[in-house]
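Participant: Sharing a structure, written as structure tokens. Questions coming.
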Amino acid sequence: MANVAVAVAEVVLEVADLCTDFAVGRQTIRVVDRVSFSLRRGQTTAIVGESGSGKTVTALSLLQLIEPPGRISGGTIRYRGRDLRPLDETAMQQVRGARIGMVFQDPLSSLNPSLRIGTQIAETLLAHERISSAEAERRAVELLVRVGVPDAAARARDYPHHFSGGMRQRVLIAMAIACNPEIIIADEPTTALDVTVQAKILRLLHDLQQAMGASLLMITHDLGVVAALADEVVVMYAGRVVERADVDRLFHAPLHPYTRALLDCAIGLDDDRSTPLTPIPGAPPDLRRRPAGCQFAPRCPVAIAKCHRLDPPLLPMNPGQDVACFVAQGDADG
Amino acid sequence: MLRSYLGKRLAAILPVLFGVSVIIFLLMHLAPGDVTTVLLGPQATEQDRVALRHTLGLDQPLPVQYGRWLERTAEGDFGTSIATSLPVTALILPRFVNTIILTVASLFLAVLIGYSAGLFAALRARSWFDRSMMTVTLIFGSTPPFWLGLLLVLLFALKLQWLPVSGMIDMAGDGGVLDTLHHLVLPAVTTALAPAAIIARMVRSSILESLGRPHVLVARAKGLRRRDLLRRHVVLNALPPIMTITGLQLGYLLGGALFSEVVFAWPGLGSLLYSSITARDMPVVQAATLLIALTFVLVNILVDLVNVLIDPRLQES
Amino acid sequence: MVTTSLSEPAAEPNAEAIAAELGTVDAPVIATRRWRLAAFTRDRAALVASIFLLIVCAAAVLAPWISPYDPNVASGQLRFAPPLTPGHILGTDEQGRDMLSRLLWGGRISLLVGLVPVALASAAGLVLGLVAGYAGGIIDQLIMRTLDVLFAFPMVLLAIAIAGVLTPGISTEIIAIAVVLIPYVGRLARTATLGVVAMPFIEAARAAGASRTALLARYITPNVLPPLLVYATTLIGLMIVVGSGLSFLGLGVQPPTADWGSMVSEGREVLATAPFVTLLPGLVIVVVSLAFNFIGDGLRDALDPRSARR
């Protein structure tokens, strides 16, 4: 529904060569490896990948919420042209919640059980705006109304355990949008919810984003969500971006074998594709023992010798489509 | 809602209190030796003994004796001290106040030391400070309070002569509150150190556990300042287990206070209990034990109540 | 991110704290869990503590043969001989009795008072906890409410009251300590039992037709034992302190026989002139109790890998 190509929209966030490492014992494993993508004003970018592909760590890295033993080890995160990476914790606090809001995966454990709902929303406002706590509480109720919590004034005084999963996710969204951020990061916002609730939450996120003119970064493993919401898609595998494309192109003309395999797994998404459900053989690499070359090569049906030796660079192939695959890039002289 | 919870909680302790009274009553009847011998001396005739037993109601069946005893106790009449011939209530109340002074001071110290040490250790988990703090707490937790007391006496009273060896006030005269405080330092520190160590370990683990909860990450993503984050999303949530252990430590404090009272001749309930045990003054032993158990039970209810205020989910479980 | 389980802290030197902590550990053990002896021996503190305790126990057991003097008889004219005096390596006390001999003989009693009550209370607590946790319903209620009554007394005070009211002596001391420990062990055993009973393999065994006795003996008990053992180990350390306290008050073993606690008490009189008479036995209590705590720690880490991260 949102895949209208607005090529001219301004870039709000530009991530380049982002690397995040985790120390495990004496070893350092790279969970996010040279990830680059950008968010455009008012548009939705989806990061897709299996669990363990580094999607969530990427999202947390953007807000610098990585704690030891994890560490952002390289790259730039430019918000309106200014790199966020050199900012210290205090400066980042003014970005988090105010400029970039984040909605988390598990609404059940994401709210503090000891604080009233209204208080938790008001907290975001109080952290960033010079307002009285009474004013903050009043606006918290408005926000609850806005995210569709019925009887908001009364519910604001309730504790999280009185809320259903879907309602809690609405509260989390209210918290994320409280300060009208320009960017909303949603990390698998519907994974923990009932199927019937999922669609409502996605619709809410989309509507809010449209109304606010914000950019939405949607982290998901669900291609259905991608098809419904995204303008641009970033496909991640083993911590690396393997393909980046406009949503139409990605679904109709995927270039990377991994993207194709993912689409094959999601049956019935597209009418003119009659390929049966085929699971991808093999398993993602153990990040502690990454294979040389393309990370997908060991599972890839079309891999050539070169794929096992060299990292394919992410290169533009078509307008609005980049891919990191030697085969797709037509480089058959392995 | 809170009132009904309190009601339920109070109703639940009635059987406990009944059990406590039965145990204390039976304990005294298990005591070897004949009360009449204690009261009348070994030369008394058998006739006198029988007469006294009858007067005291000791010839009645146990349940009847228990009923009478309970009735009197409920009215605040704990009988007469065998050793001093004073009413037990009059004997025990000032002692109880002194013990409260010592216990509150120790609890204050234990909480102050335990909470700050635990919090700093948790926020610097695995650091040099954390490791040494955990070793120190383990050592203090293994130190007998009476020995620690003697150690402190040796160091601060005998060698350095900074603080008095014993008592609650100077013999020379009334030195007022300052004098009492002066006398309070060593017993309070003696009583407080082991509980402080245990509280520190518990605070550390609760804070660490709390730090790892998902809602803390969410709160960070909201852009909260570190101070607010710690106070509202980490410490607040770590409080229930910390409060519970603090309440339980009161039991340990009351026990430890007994040793301090004995070592420092602090005129409290513990030293009274000890001297009454030595003198086989059973009415006083009974009353002291009952009073301590009652205090302990009430404090733990108070702790539960505070915890329900902090984490409303607890009320419904 | 900090990922520390609730079972993280090292063993608490306090029954309430340990019980509170072990009680919150969700599923206590899995049926297939093996003794990780290797993990235990890798824990250097626990290993050193074990070796140390072995030596202490051996010395106490062998006291009649290795002790240089009679512990209760003054040896010669020397009173208050300081430590390192030739012939009295740890000195002599106010009656001229050899400190080393008294510490060795005293250890027999102090260790006994640490070990026996914990063993008795563990056995009783295990049975009560198993029955309460497995039977549930009114039996559970009855057992737990009875234990609640004992919980109403601060542990040390109840022990003092029991030991004080009965005829003082070592058996009284042991009984007193055992009685006050039962509720703690019982509650832990019940929590552990509930955790095990809720596990799928119990349902499977029941479905396979295992009798109630077989279920309890072959499936539940073996899984309740490990956390109980960890708890008991730390309790021994704590009870050596508690027992020494009772002895200090004169409610334990009677003079002239001494254990570490009553040695501290005797030394009190001469604290100003000969502090080592008080300091030595107290130091021994601290170190031995600490050693049991370290072993308890090591055992728990070996049994529960989650807590082993340090």
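Just remember, in the structure tokens the first chain shown is A, the second B, etc., residues are 1-based per chain, and ligands are 1-based in the order shown.
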Can you tell me, as an mmCIF file with N, CA and C atoms, in the first residue's frame, which residues in segment 136-272 of chain B count as alpha helix (DSSP H) by DSSP?
Facilitator:
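This went into out12.cif:
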data_model
loop_
_atom_site.group_PDB
_atom_site.id
_atom_site.type_symbol
_atom_site.label_atom_id
_atom_site.label_comp_id
_atom_site.auth_asym_id
_atom_site.auth_seq_id
_atom_site.Cartn_x
_atom_site.Cartn_y
_atom_site.Cartn_z
ATOM 1 N N VAL B 136 34.966 -9.635 50.971
ATOM 2 C CA VAL B 136 34.835 -9.051 52.305
ATOM 3 C C VAL B 136 33.487 -9.437 52.923
ATOM 4 N N THR B 137 32.426 -9.363 52.128
ATOM 5 C CA THR B 137 31.110 -9.698 52.677
ATOM 6 C C THR B 137 31.049 -11.166 53.082
ATOM 7 N N LEU B 138 31.700 -12.016 52.310
ATOM 8 C CA LEU B 138 31.705 -13.434 52.666
ATOM 9 C C LEU B 138 32.396 -13.641 54.015
ATOM 10 N N ILE B 139 33.482 -12.909 54.224
ATOM 11 C CA ILE B 139 34.215 -13.038 55.490
ATOM 12 C C ILE B 139 33.369 -12.517 56.649
ATOM 13 N N PHE B 140 32.765 -11.340 56.465
ATOM 14 C CA PHE B 140 31.938 -10.798 57.544
ATOM 15 C C PHE B 140 30.757 -11.707 57.837
ATOM 16 N N GLY B 141 30.218 -12.301 56.784
ATOM 17 C CA GLY B 141 29.086 -13.202 56.988
ATOM 18 C C GLY B 141 29.476 -14.445 57.768
ATOM 19 N N PRO B 145 29.331 -12.976 65.691
ATOM 20 C CA PRO B 145 29.175 -11.612 66.205
ATOM 21 C C PRO B 145 29.865 -11.415 67.552
ATOM 22 N N PHE B 146 29.822 -12.431 68.418
ATOM 23 C CA PHE B 146 30.424 -12.241 69.740
ATOM 24 C C PHE B 146 31.937 -12.065 69.624
ATOM 25 N N TRP B 147 32.530 -12.787 68.703
ATOM 26 C CA TRP B 147 33.973 -12.673 68.513
ATOM 27 C C TRP B 147 34.328 -11.325 67.904
ATOM 28 N N LEU B 148 33.521 -10.916 66.922
ATOM 29 C CA LEU B 148 33.712 -9.609 66.311
ATOM 30 C C LEU B 148 33.620 -8.529 67.385
ATOM 31 N N GLY B 149 32.638 -8.677 68.283
ATOM 32 C CA GLY B 149 32.472 -7.722 69.371
ATOM 33 C C GLY B 149 33.726 -7.638 70.224
ATOM 34 N N LEU B 150 34.275 -8.799 70.580
ATOM 35 C CA LEU B 150 35.476 -8.814 71.407
ATOM 36 C C LEU B 150 36.652 -8.181 70.666
ATOM 37 N N LEU B 151 36.702 -8.445 69.387
ATOM 38 C CA LEU B 151 37.756 -7.874 68.553
ATOM 39 C C LEU B 151 37.686 -6.348 68.578
ATOM 40 N N LEU B 152 36.461 -5.831 68.446
ATOM 41 C CA LEU B 152 36.271 -4.384 68.451
ATOM 42 C C LEU B 152 36.590 -3.804 69.827
ATOM 43 N N GLY B 176 23.315 11.947 78.905
ATOM 44 C CA GLY B 176 22.360 12.293 77.869
ATOM 45 C C GLY B 176 22.482 11.435 76.629
ATOM 46 N N VAL B 177 21.888 11.935 75.548
ATOM 47 C CA VAL B 177 21.806 11.157 74.308
ATOM 48 C C VAL B 177 23.195 10.864 73.748
ATOM 49 N N LEU B 178 24.058 11.868 73.807
ATOM 50 C CA LEU B 178 25.397 11.702 73.243
ATOM 51 C C LEU B 178 26.132 10.549 73.912
ATOM 52 N N ASP B 179 25.981 10.471 75.219
ATOM 53 C CA ASP B 179 26.627 9.398 75.966
ATOM 54 C C ASP B 179 26.097 8.041 75.515
ATOM 55 N N THR B 180 24.775 7.968 75.359
ATOM 56 C CA THR B 180 24.179 6.712 74.898
ATOM 57 C C THR B 180 24.712 6.353 73.512
ATOM 58 N N LEU B 181 24.769 7.343 72.629
ATOM 59 C CA LEU B 181 25.284 7.104 71.281
ATOM 60 C C LEU B 181 26.718 6.586 71.339
ATOM 61 N N HIS B 182 27.485 7.209 72.214
ATOM 62 C CA HIS B 182 28.871 6.811 72.393
ATOM 63 C C HIS B 182 28.959 5.333 72.768
ATOM 64 N N HIS B 183 28.076 4.930 73.660
ATOM 65 C CA HIS B 183 28.052 3.537 74.084
ATOM 66 C C HIS B 183 27.447 2.619 73.024
ATOM 67 N N LEU B 184 26.689 3.238 72.149
ATOM 68 C CA LEU B 184 25.955 2.443 71.158
ATOM 69 C C LEU B 184 26.848 1.995 70.002
ATOM 70 N N VAL B 185 27.919 2.754 69.735
ATOM 71 C CA VAL B 185 28.691 2.525 68.509
ATOM 72 C C VAL B 185 29.158 1.077 68.386
ATOM 73 N N LEU B 186 29.900 0.600 69.378
ATOM 74 C CA LEU B 186 30.485 -0.741 69.242
ATOM 75 C C LEU B 186 29.420 -1.843 69.149
ATOM 76 N N PRO B 187 28.422 -1.869 70.061
ATOM 77 C CA PRO B 187 27.414 -2.922 69.922
ATOM 78 C C PRO B 187 26.682 -2.854 68.592
ATOM 79 N N ALA B 188 26.381 -1.647 68.126
ATOM 80 C CA ALA B 188 25.637 -1.519 66.870
ATOM 81 C C ALA B 188 26.469 -2.029 65.700
ATOM 82 N N VAL B 189 27.754 -1.661 65.670
ATOM 83 C CA VAL B 189 28.614 -2.136 64.582
ATOM 84 C C VAL B 189 28.727 -3.658 64.636
ATOM 85 N N THR B 190 28.915 -4.195 65.846
ATOM 86 C CA THR B 190 29.020 -5.645 66.013
ATOM 87 C C THR B 190 27.785 -6.348 65.463
ATOM 88 N N THR B 191 26.620 -5.809 65.812
ATOM 89 C CA THR B 191 25.378 -6.445 65.381
ATOM 90 C C THR B 191 25.167 -6.271 63.885
ATOM 91 N N ALA B 192 25.630 -5.159 63.343
ATOM 92 C CA ALA B 192 25.262 -4.805 61.971
ATOM 93 C C ALA B 192 26.112 -5.480 60.902
ATOM 94 N N LEU B 193 27.357 -5.822 61.213
ATOM 95 C CA LEU B 193 28.261 -6.197 60.115
ATOM 96 C C LEU B 193 27.823 -7.435 59.330
ATOM 97 N N ALA B 194 27.464 -8.502 60.033
ATOM 98 C CA ALA B 194 27.063 -9.709 59.294
ATOM 99 C C ALA B 194 25.808 -9.457 58.456
ATOM 100 N N PRO B 195 24.744 -8.871 59.036
ATOM 101 C CA PRO B 195 23.583 -8.566 58.196
ATOM 102 C C PRO B 195 23.927 -7.617 57.053
ATOM 103 N N ALA B 196 24.811 -6.654 57.306
ATOM 104 C CA ALA B 196 25.209 -5.738 56.234
ATOM 105 C C ALA B 196 25.820 -6.526 55.082
ATOM 106 N N ALA B 197 26.649 -7.503 55.414
ATOM 107 C CA ALA B 197 27.294 -8.311 54.385
ATOM 108 C C ALA B 197 26.254 -9.073 53.573
ATOM 109 N N ILE B 198 25.294 -9.666 54.270
ATOM 110 C CA ILE B 198 24.286 -10.462 53.568
ATOM 111 C C ILE B 198 23.404 -9.560 52.720
ATOM 112 N N ILE B 199 23.033 -8.409 53.290
ATOM 113 C CA ILE B 199 22.204 -7.471 52.528
ATOM 114 C C ILE B 199 22.969 -6.996 51.288
ATOM 115 N N ALA B 200 24.262 -6.714 51.447
ATOM 116 C CA ALA B 200 25.054 -6.247 50.308
ATOM 117 C C ALA B 200 25.025 -7.272 49.172
ATOM 118 N N ARG B 201 25.172 -8.536 49.504
ATOM 119 C CA ARG B 201 25.178 -9.574 48.461
ATOM 120 C C ARG B 201 23.820 -9.657 47.784
ATOM 121 N N MET B 202 22.772 -9.556 48.586
ATOM 122 C CA MET B 202 21.431 -9.656 48.028
ATOM 123 C C MET B 202 21.122 -8.443 47.149
ATOM 124 N N VAL B 203 21.526 -7.263 47.627
ATOM 125 C CA VAL B 203 21.297 -6.048 46.844
ATOM 126 C C VAL B 203 22.031 -6.165 45.513
ATOM 127 N N ARG B 204 23.262 -6.636 45.575
ATOM 128 C CA ARG B 204 24.043 -6.761 44.359
ATOM 129 C C ARG B 204 23.342 -7.675 43.354
ATOM 130 N N SER B 205 22.916 -8.841 43.813
ATOM 131 C CA SER B 205 22.317 -9.774 42.857
ATOM 132 C C SER B 205 20.973 -9.257 42.355
ATOM 133 N N SER B 206 20.204 -8.601 43.227
ATOM 134 C CA SER B 206 18.906 -8.085 42.773
ATOM 135 C C SER B 206 19.086 -6.977 41.748
ATOM 136 N N ILE B 207 20.045 -6.092 42.007
ATOM 137 C CA ILE B 207 20.270 -4.992 41.073
ATOM 138 C C ILE B 207 20.770 -5.547 39.732
ATOM 139 N N LEU B 208 21.660 -6.521 39.797
ATOM 140 C CA LEU B 208 22.165 -7.116 38.557
ATOM 141 C C LEU B 208 21.030 -7.749 37.766
ATOM 142 N N GLU B 209 20.174 -8.453 38.476
ATOM 143 C CA GLU B 209 19.059 -9.109 37.816
ATOM 144 C C GLU B 209 18.140 -8.069 37.199
ATOM 145 N N SER B 210 17.907 -7.022 37.959
ATOM 146 C CA SER B 210 17.024 -5.952 37.511
ATOM 147 C C SER B 210 17.606 -5.225 36.292
ATOM 148 N N LEU B 211 18.913 -5.017 36.306
ATOM 149 C CA LEU B 211 19.579 -4.347 35.181
ATOM 150 C C LEU B 211 19.398 -5.108 33.879
ATOM 151 N N PRO B 214 14.331 -6.608 30.276
ATOM 152 C CA PRO B 214 14.082 -5.897 29.021
ATOM 153 C C PRO B 214 13.560 -4.474 29.218
ATOM 154 N N HIS B 215 12.749 -4.238 30.234
ATOM 155 C CA HIS B 215 12.164 -2.897 30.341
ATOM 156 C C HIS B 215 13.222 -1.829 30.629
ATOM 157 N N VAL B 216 14.383 -2.241 31.118
ATOM 158 C CA VAL B 216 15.451 -1.271 31.346
ATOM 159 C C VAL B 216 15.988 -0.770 30.004
ATOM 160 N N LEU B 217 16.119 -1.696 29.055
ATOM 161 C CA LEU B 217 16.563 -1.319 27.716
ATOM 162 C C LEU B 217 15.540 -0.380 27.075
ATOM 163 N N VAL B 218 14.273 -0.720 27.256
ATOM 164 C CA VAL B 218 13.207 0.124 26.710
ATOM 165 C C VAL B 218 13.296 1.526 27.309
ATOM 166 N N ALA B 219 13.512 1.564 28.618
ATOM 167 C CA ALA B 219 13.593 2.867 29.276
ATOM 168 C C ALA B 219 14.803 3.656 28.785
ATOM 169 N N ARG B 220 15.883 2.957 28.518
ATOM 170 C CA ARG B 220 17.058 3.655 27.970
ATOM 171 C C ARG B 220 16.740 4.213 26.597
ATOM 172 N N ALA B 221 15.996 3.420 25.820
ATOM 173 C CA ALA B 221 15.664 3.861 24.470
ATOM 174 C C ALA B 221 14.752 5.082 24.492
ATOM 175 N N ARG B 226 20.482 8.823 33.258
ATOM 176 C CA ARG B 226 20.981 7.659 33.986
ATOM 177 C C ARG B 226 20.413 7.591 35.406
ATOM 178 N N ARG B 227 20.338 8.750 36.042
ATOM 179 C CA ARG B 227 19.852 8.781 37.422
ATOM 180 C C ARG B 227 18.392 8.286 37.491
ATOM 181 N N ASP B 228 17.548 8.811 36.578
ATOM 182 C CA ASP B 228 16.146 8.398 36.557
ATOM 183 C C ASP B 228 16.028 6.919 36.197
ATOM 184 N N LEU B 236 13.999 0.522 41.892
ATOM 185 C CA LEU B 236 12.611 0.297 42.300
ATOM 186 C C LEU B 236 12.215 -1.164 42.117
ATOM 187 N N ASN B 237 12.589 -1.743 40.972
ATOM 188 C CA ASN B 237 12.205 -3.114 40.698
ATOM 189 C C ASN B 237 13.005 -4.125 41.488
ATOM 190 N N ALA B 238 14.184 -3.707 41.946
ATOM 191 C CA ALA B 238 15.002 -4.639 42.732
ATOM 192 C C ALA B 238 14.582 -4.626 44.189
ATOM 193 N N LEU B 239 13.741 -3.657 44.549
ATOM 194 C CA LEU B 239 13.439 -3.487 45.974
ATOM 195 C C LEU B 239 12.726 -4.666 46.645
ATOM 196 N N PRO B 240 11.693 -5.286 46.035
ATOM 197 C CA PRO B 240 11.000 -6.332 46.800
ATOM 198 C C PRO B 240 11.898 -7.410 47.392
ATOM 199 N N PRO B 241 12.762 -8.062 46.586
ATOM 200 C CA PRO B 241 13.639 -9.049 47.236
ATOM 201 C C PRO B 241 14.571 -8.418 48.270
ATOM 202 N N ILE B 242 15.000 -7.187 48.009
ATOM 203 C CA ILE B 242 15.889 -6.523 48.963
ATOM 204 C C ILE B 242 15.151 -6.257 50.275
ATOM 205 N N MET B 243 13.912 -5.786 50.145
ATOM 206 C CA MET B 243 13.108 -5.530 51.342
ATOM 207 C C MET B 243 12.886 -6.822 52.119
ATOM 208 N N THR B 244 12.582 -7.892 51.386
ATOM 209 C CA THR B 244 12.309 -9.160 52.049
ATOM 210 C C THR B 244 13.531 -9.615 52.834
ATOM 211 N N ILE B 245 14.683 -9.538 52.198
ATOM 212 C CA ILE B 245 15.883 -10.007 52.881
ATOM 213 C C ILE B 245 16.207 -9.083 54.049
ATOM 214 N N THR B 246 15.911 -7.801 53.894
ATOM 215 C CA THR B 246 16.152 -6.877 55.005
ATOM 216 C C THR B 246 15.258 -7.237 56.189
ATOM 217 N N GLY B 247 14.000 -7.548 55.882
ATOM 218 C CA GLY B 247 13.090 -7.945 56.951
ATOM 219 C C GLY B 247 13.564 -9.206 57.646
ATOM 220 N N LEU B 248 14.014 -10.170 56.840
ATOM 221 C CA LEU B 248 14.507 -11.415 57.430
ATOM 222 C C LEU B 248 15.772 -11.156 58.237
ATOM 223 N N GLN B 249 16.562 -10.194 57.782
ATOM 224 C CA GLN B 249 17.782 -9.879 58.513
ATOM 225 C C GLN B 249 17.480 -9.364 59.907
ATOM 226 N N LEU B 250 16.258 -8.839 60.070
ATOM 227 C CA LEU B 250 15.897 -8.360 61.389
ATOM 228 C C LEU B 250 15.964 -9.527 62.378
ATOM 229 N N GLY B 251 15.593 -10.704 61.908
ATOM 230 C CA GLY B 251 15.704 -11.875 62.771
ATOM 231 C C GLY B 251 17.151 -12.128 63.141
ATOM 232 N N TYR B 252 18.002 -11.992 62.144
ATOM 233 C CA TYR B 252 19.418 -12.198 62.382
ATOM 234 C C TYR B 252 19.951 -11.112 63.312
ATOM 235 N N LEU B 253 19.439 -9.889 63.113
ATOM 236 C CA LEU B 253 19.837 -8.770 63.966
ATOM 237 C C LEU B 253 19.449 -9.006 65.413
ATOM 238 N N LEU B 254 18.211 -9.477 65.609
ATOM 239 C CA LEU B 254 17.763 -9.732 66.979
ATOM 240 C C LEU B 254 18.639 -10.801 67.627
ATOM 241 N N GLY B 255 19.027 -11.808 66.829
ATOM 242 C CA GLY B 255 19.923 -12.835 67.347
ATOM 243 C C GLY B 255 21.300 -12.273 67.636
ATOM 244 N N GLY B 256 21.814 -11.521 66.653
ATOM 245 C CA GLY B 256 23.136 -10.939 66.818
ATOM 246 C C GLY B 256 23.153 -9.941 67.968
ATOM 247 N N ALA B 257 22.024 -9.217 68.123
ATOM 248 C CA ALA B 257 21.946 -8.227 69.194
ATOM 249 C C ALA B 257 22.104 -8.910 70.546
ATOM 250 N N LEU B 258 21.588 -10.124 70.660
ATOM 251 C CA LEU B 258 21.739 -10.836 71.927
ATOM 252 C C LEU B 258 23.209 -10.984 72.292
ATOM 253 N N PHE B 259 24.020 -11.360 71.306
ATOM 254 C CA PHE B 259 25.446 -11.527 71.583
ATOM 255 C C PHE B 259 26.086 -10.195 71.931
ATOM 256 N N SER B 260 25.719 -9.146 71.166
ATOM 257 C CA SER B 260 26.272 -7.827 71.467
ATOM 258 C C SER B 260 25.879 -7.395 72.863
ATOM 259 N N GLU B 261 24.618 -7.646 73.212
ATOM 260 C CA GLU B 261 24.151 -7.237 74.536
ATOM 261 C C GLU B 261 24.930 -7.962 75.628
ATOM 262 N N VAL B 262 25.215 -9.237 75.375
ATOM 263 C CA VAL B 262 25.975 -9.994 76.367
ATOM 264 C C VAL B 262 27.417 -9.492 76.435
ATOM 265 N N VAL B 263 28.036 -9.310 75.268
ATOM 266 C CA VAL B 263 29.439 -8.898 75.243
ATOM 267 C C VAL B 263 29.615 -7.495 75.810
ATOM 268 N N PHE B 264 28.688 -6.593 75.448
ATOM 269 C CA PHE B 264 28.855 -5.199 75.851
ATOM 270 C C PHE B 264 28.010 -4.817 77.067
ATOM 271 N N LEU B 269 16.778 -6.819 75.842
ATOM 272 C CA LEU B 269 15.982 -8.024 75.985
ATOM 273 C C LEU B 269 16.853 -9.279 75.857
ATOM 274 N N GLY B 270 17.850 -9.216 74.969
ATOM 275 C CA GLY B 270 18.707 -10.363 74.735
ATOM 276 C C GLY B 270 19.530 -10.728 75.956
ATOM 277 N N SER B 271 20.130 -9.708 76.563
ATOM 278 C CA SER B 271 20.935 -10.019 77.749
ATOM 279 C C SER B 271 20.033 -10.451 78.899
ATOM 280 N N LEU B 272 18.799 -9.912 78.924
ATOM 281 C CA LEU B 272 17.839 -10.364 79.934
ATOM 282 C C LEU B 272 17.465 -11.826 79.694
#
Participant: Taking only residues of chain A that have an atom at most 10 Å from an atom of chain C, what is each one's shortest atom pair and its distance in Å to one decimal, using only C-alpha atoms, in chain and number order, as JSON lines?
Facilitator:
{"residue": "A:Leu65", "atom": "CA", "partner": "C:Met1", "partner_atom": "CA", "distance": 9.0}
{"residue": "A:Ile66", "atom": "CA", "partner": "C:Met1", "partner_atom": "CA", "distance": 7.1}
{"residue": "A:Glu67", "atom": "CA", "partner": "C:Met1", "partner_atom": "CA", "distance": 4.9}
{"residue": "A:Pro68", "atom": "CA", "partner": "C:Met1", "partner_atom": "CA", "distance": 5.9}
{"residue": "A:Pro69", "atom": "CA", "partner": "C:Met1", "partner_atom": "CA", "distance": 6.9}
{"residue": "A:Gly70", "atom": "CA", "partner": "C:Met1", "partner_atom": "CA", "distance": 7.4}
Participant: Let me see the file: selected residues, N, CA and C atoms, as a PDB file, in the first residue's frame.
Facilitator:
ATOM      1  N   LEU A  65      22.606   1.469  21.960  1.00  0.00           N
ATOM      2  CA  LEU A  65      22.132   0.762  23.152  1.00  0.00           C
ATOM      3  C   LEU A  65      22.890  -0.542  23.349  1.00  0.00           C
ATOM      4  N   ILE A  66      24.017  -0.656  22.681  1.00  0.00           N
ATOM      5  CA  ILE A  66      24.842  -1.850  22.816  1.00  0.00           C
ATOM      6  C   ILE A  66      25.699  -1.711  24.069  1.00  0.00           C
ATOM      7  N   GLU A  67      25.658  -2.730  24.919  1.00  0.00           N
ATOM      8  CA  GLU A  67      26.454  -2.670  26.148  1.00  0.00           C
ATOM      9  C   GLU A  67      27.513  -3.756  26.131  1.00  0.00           C
ATOM     10  N   PRO A  68      28.589  -3.569  26.894  1.00  0.00           N
ATOM     11  CA  PRO A  68      29.603  -4.603  26.956  1.00  0.00           C
ATOM     12  C   PRO A  68      28.957  -5.935  27.329  1.00  0.00           C
ATOM     13  N   PRO A  69      29.399  -7.048  26.798  1.00  0.00           N
ATOM     14  CA  PRO A  69      30.600  -7.236  25.973  1.00  0.00           C
ATOM     15  C   PRO A  69      30.440  -6.798  24.534  1.00  0.00           C
ATOM     16  N   GLY A  70      29.328  -6.142  24.179  1.00  0.00           N
ATOM     17  CA  GLY A  70      29.148  -5.690  22.808  1.00  0.00           C
ATOM     18  C   GLY A  70      29.756  -4.309  22.604  1.00  0.00           C
TER      19      GLY A  70
END
Participant: When the cut-off is 9 Å and we count only C-alpha atoms, which residues of chain A are near chain B, given as a ChimeraX atom specification?
Facilitator: /A:60,63,65,90,92-98,100-104,106,109-115,120,123-128,159,161,172,175-176
Participant: With C-alpha atoms retained, export the selected residues as a tab-separated table (two decimals), in the first residue's frame.
Facilitator:
chain	number	residue	atom	x	y	z
A	60	LEU	CA	20.09	-1.27	18.91
A	63	LEU	CA	20.57	4.16	19.25
A	65	LEU	CA	22.13	0.76	23.15
A	90	THR	CA	24.41	12.27	27.65
A	92	MET	CA	22.67	10.22	22.95
A	93	GLN	CA	20.03	10.50	25.66
A	94	GLN	CA	18.75	13.59	23.88
A	95	VAL	CA	18.48	11.65	20.63
A	96	ARG	CA	16.82	8.55	22.06
A	97	GLY	CA	13.10	8.94	22.42
A	98	ALA	CA	13.17	12.52	21.11
A	100	ILE	CA	14.45	8.39	17.24
A	101	GLY	CA	11.76	6.36	18.99
A	102	MET	CA	11.91	2.62	19.30
A	103	VAL	CA	9.21	-0.02	19.64
A	104	PHE	CA	10.38	-3.32	21.04
A	106	ASP	CA	8.17	-8.30	23.49
A	109	SER	CA	8.46	-7.66	29.42
A	110	SER	CA	9.10	-4.25	27.92
A	111	LEU	CA	7.05	-2.30	30.43
A	112	ASN	CA	8.09	-1.73	34.01
A	113	PRO	CA	5.60	-3.71	36.13
A	114	SER	CA	6.02	-1.32	39.04
A	115	LEU	CA	5.05	1.91	37.30
A	120	GLN	CA	5.81	5.42	31.85
A	123	GLU	CA	8.50	9.76	31.49
A	124	THR	CA	9.53	10.03	27.83
A	125	LEU	CA	7.98	13.48	27.61
A	126	LEU	CA	9.57	14.65	30.84
A	127	ALA	CA	12.98	13.45	29.71
A	128	HIS	CA	12.90	15.65	26.62
A	159	TYR	CA	-0.34	-1.09	35.85
A	161	HIS	CA	-0.20	-6.41	34.15
A	172	LEU	CA	4.96	0.95	23.78
A	175	MET	CA	5.98	5.81	24.37
A	176	ALA	CA	7.98	5.72	21.15
Participant: Measure the distance from atom CA of Arg206 of chain C to atom CA of Ile220 of chain C in Å and round it to one decimal.
Facilitator: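 It comes out at 11.6 Å.
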Participant: So that I can check the surroundings of Val24 of chain A, please list as number ranges by chain every protein, DNA and RNA residue that reaches within 10 Å of it, counting only C-alpha atoms and ignoring chain neighbours fewer than 2 positions away.
Facilitator: A: 21-22, 26-29, 69-70, 288
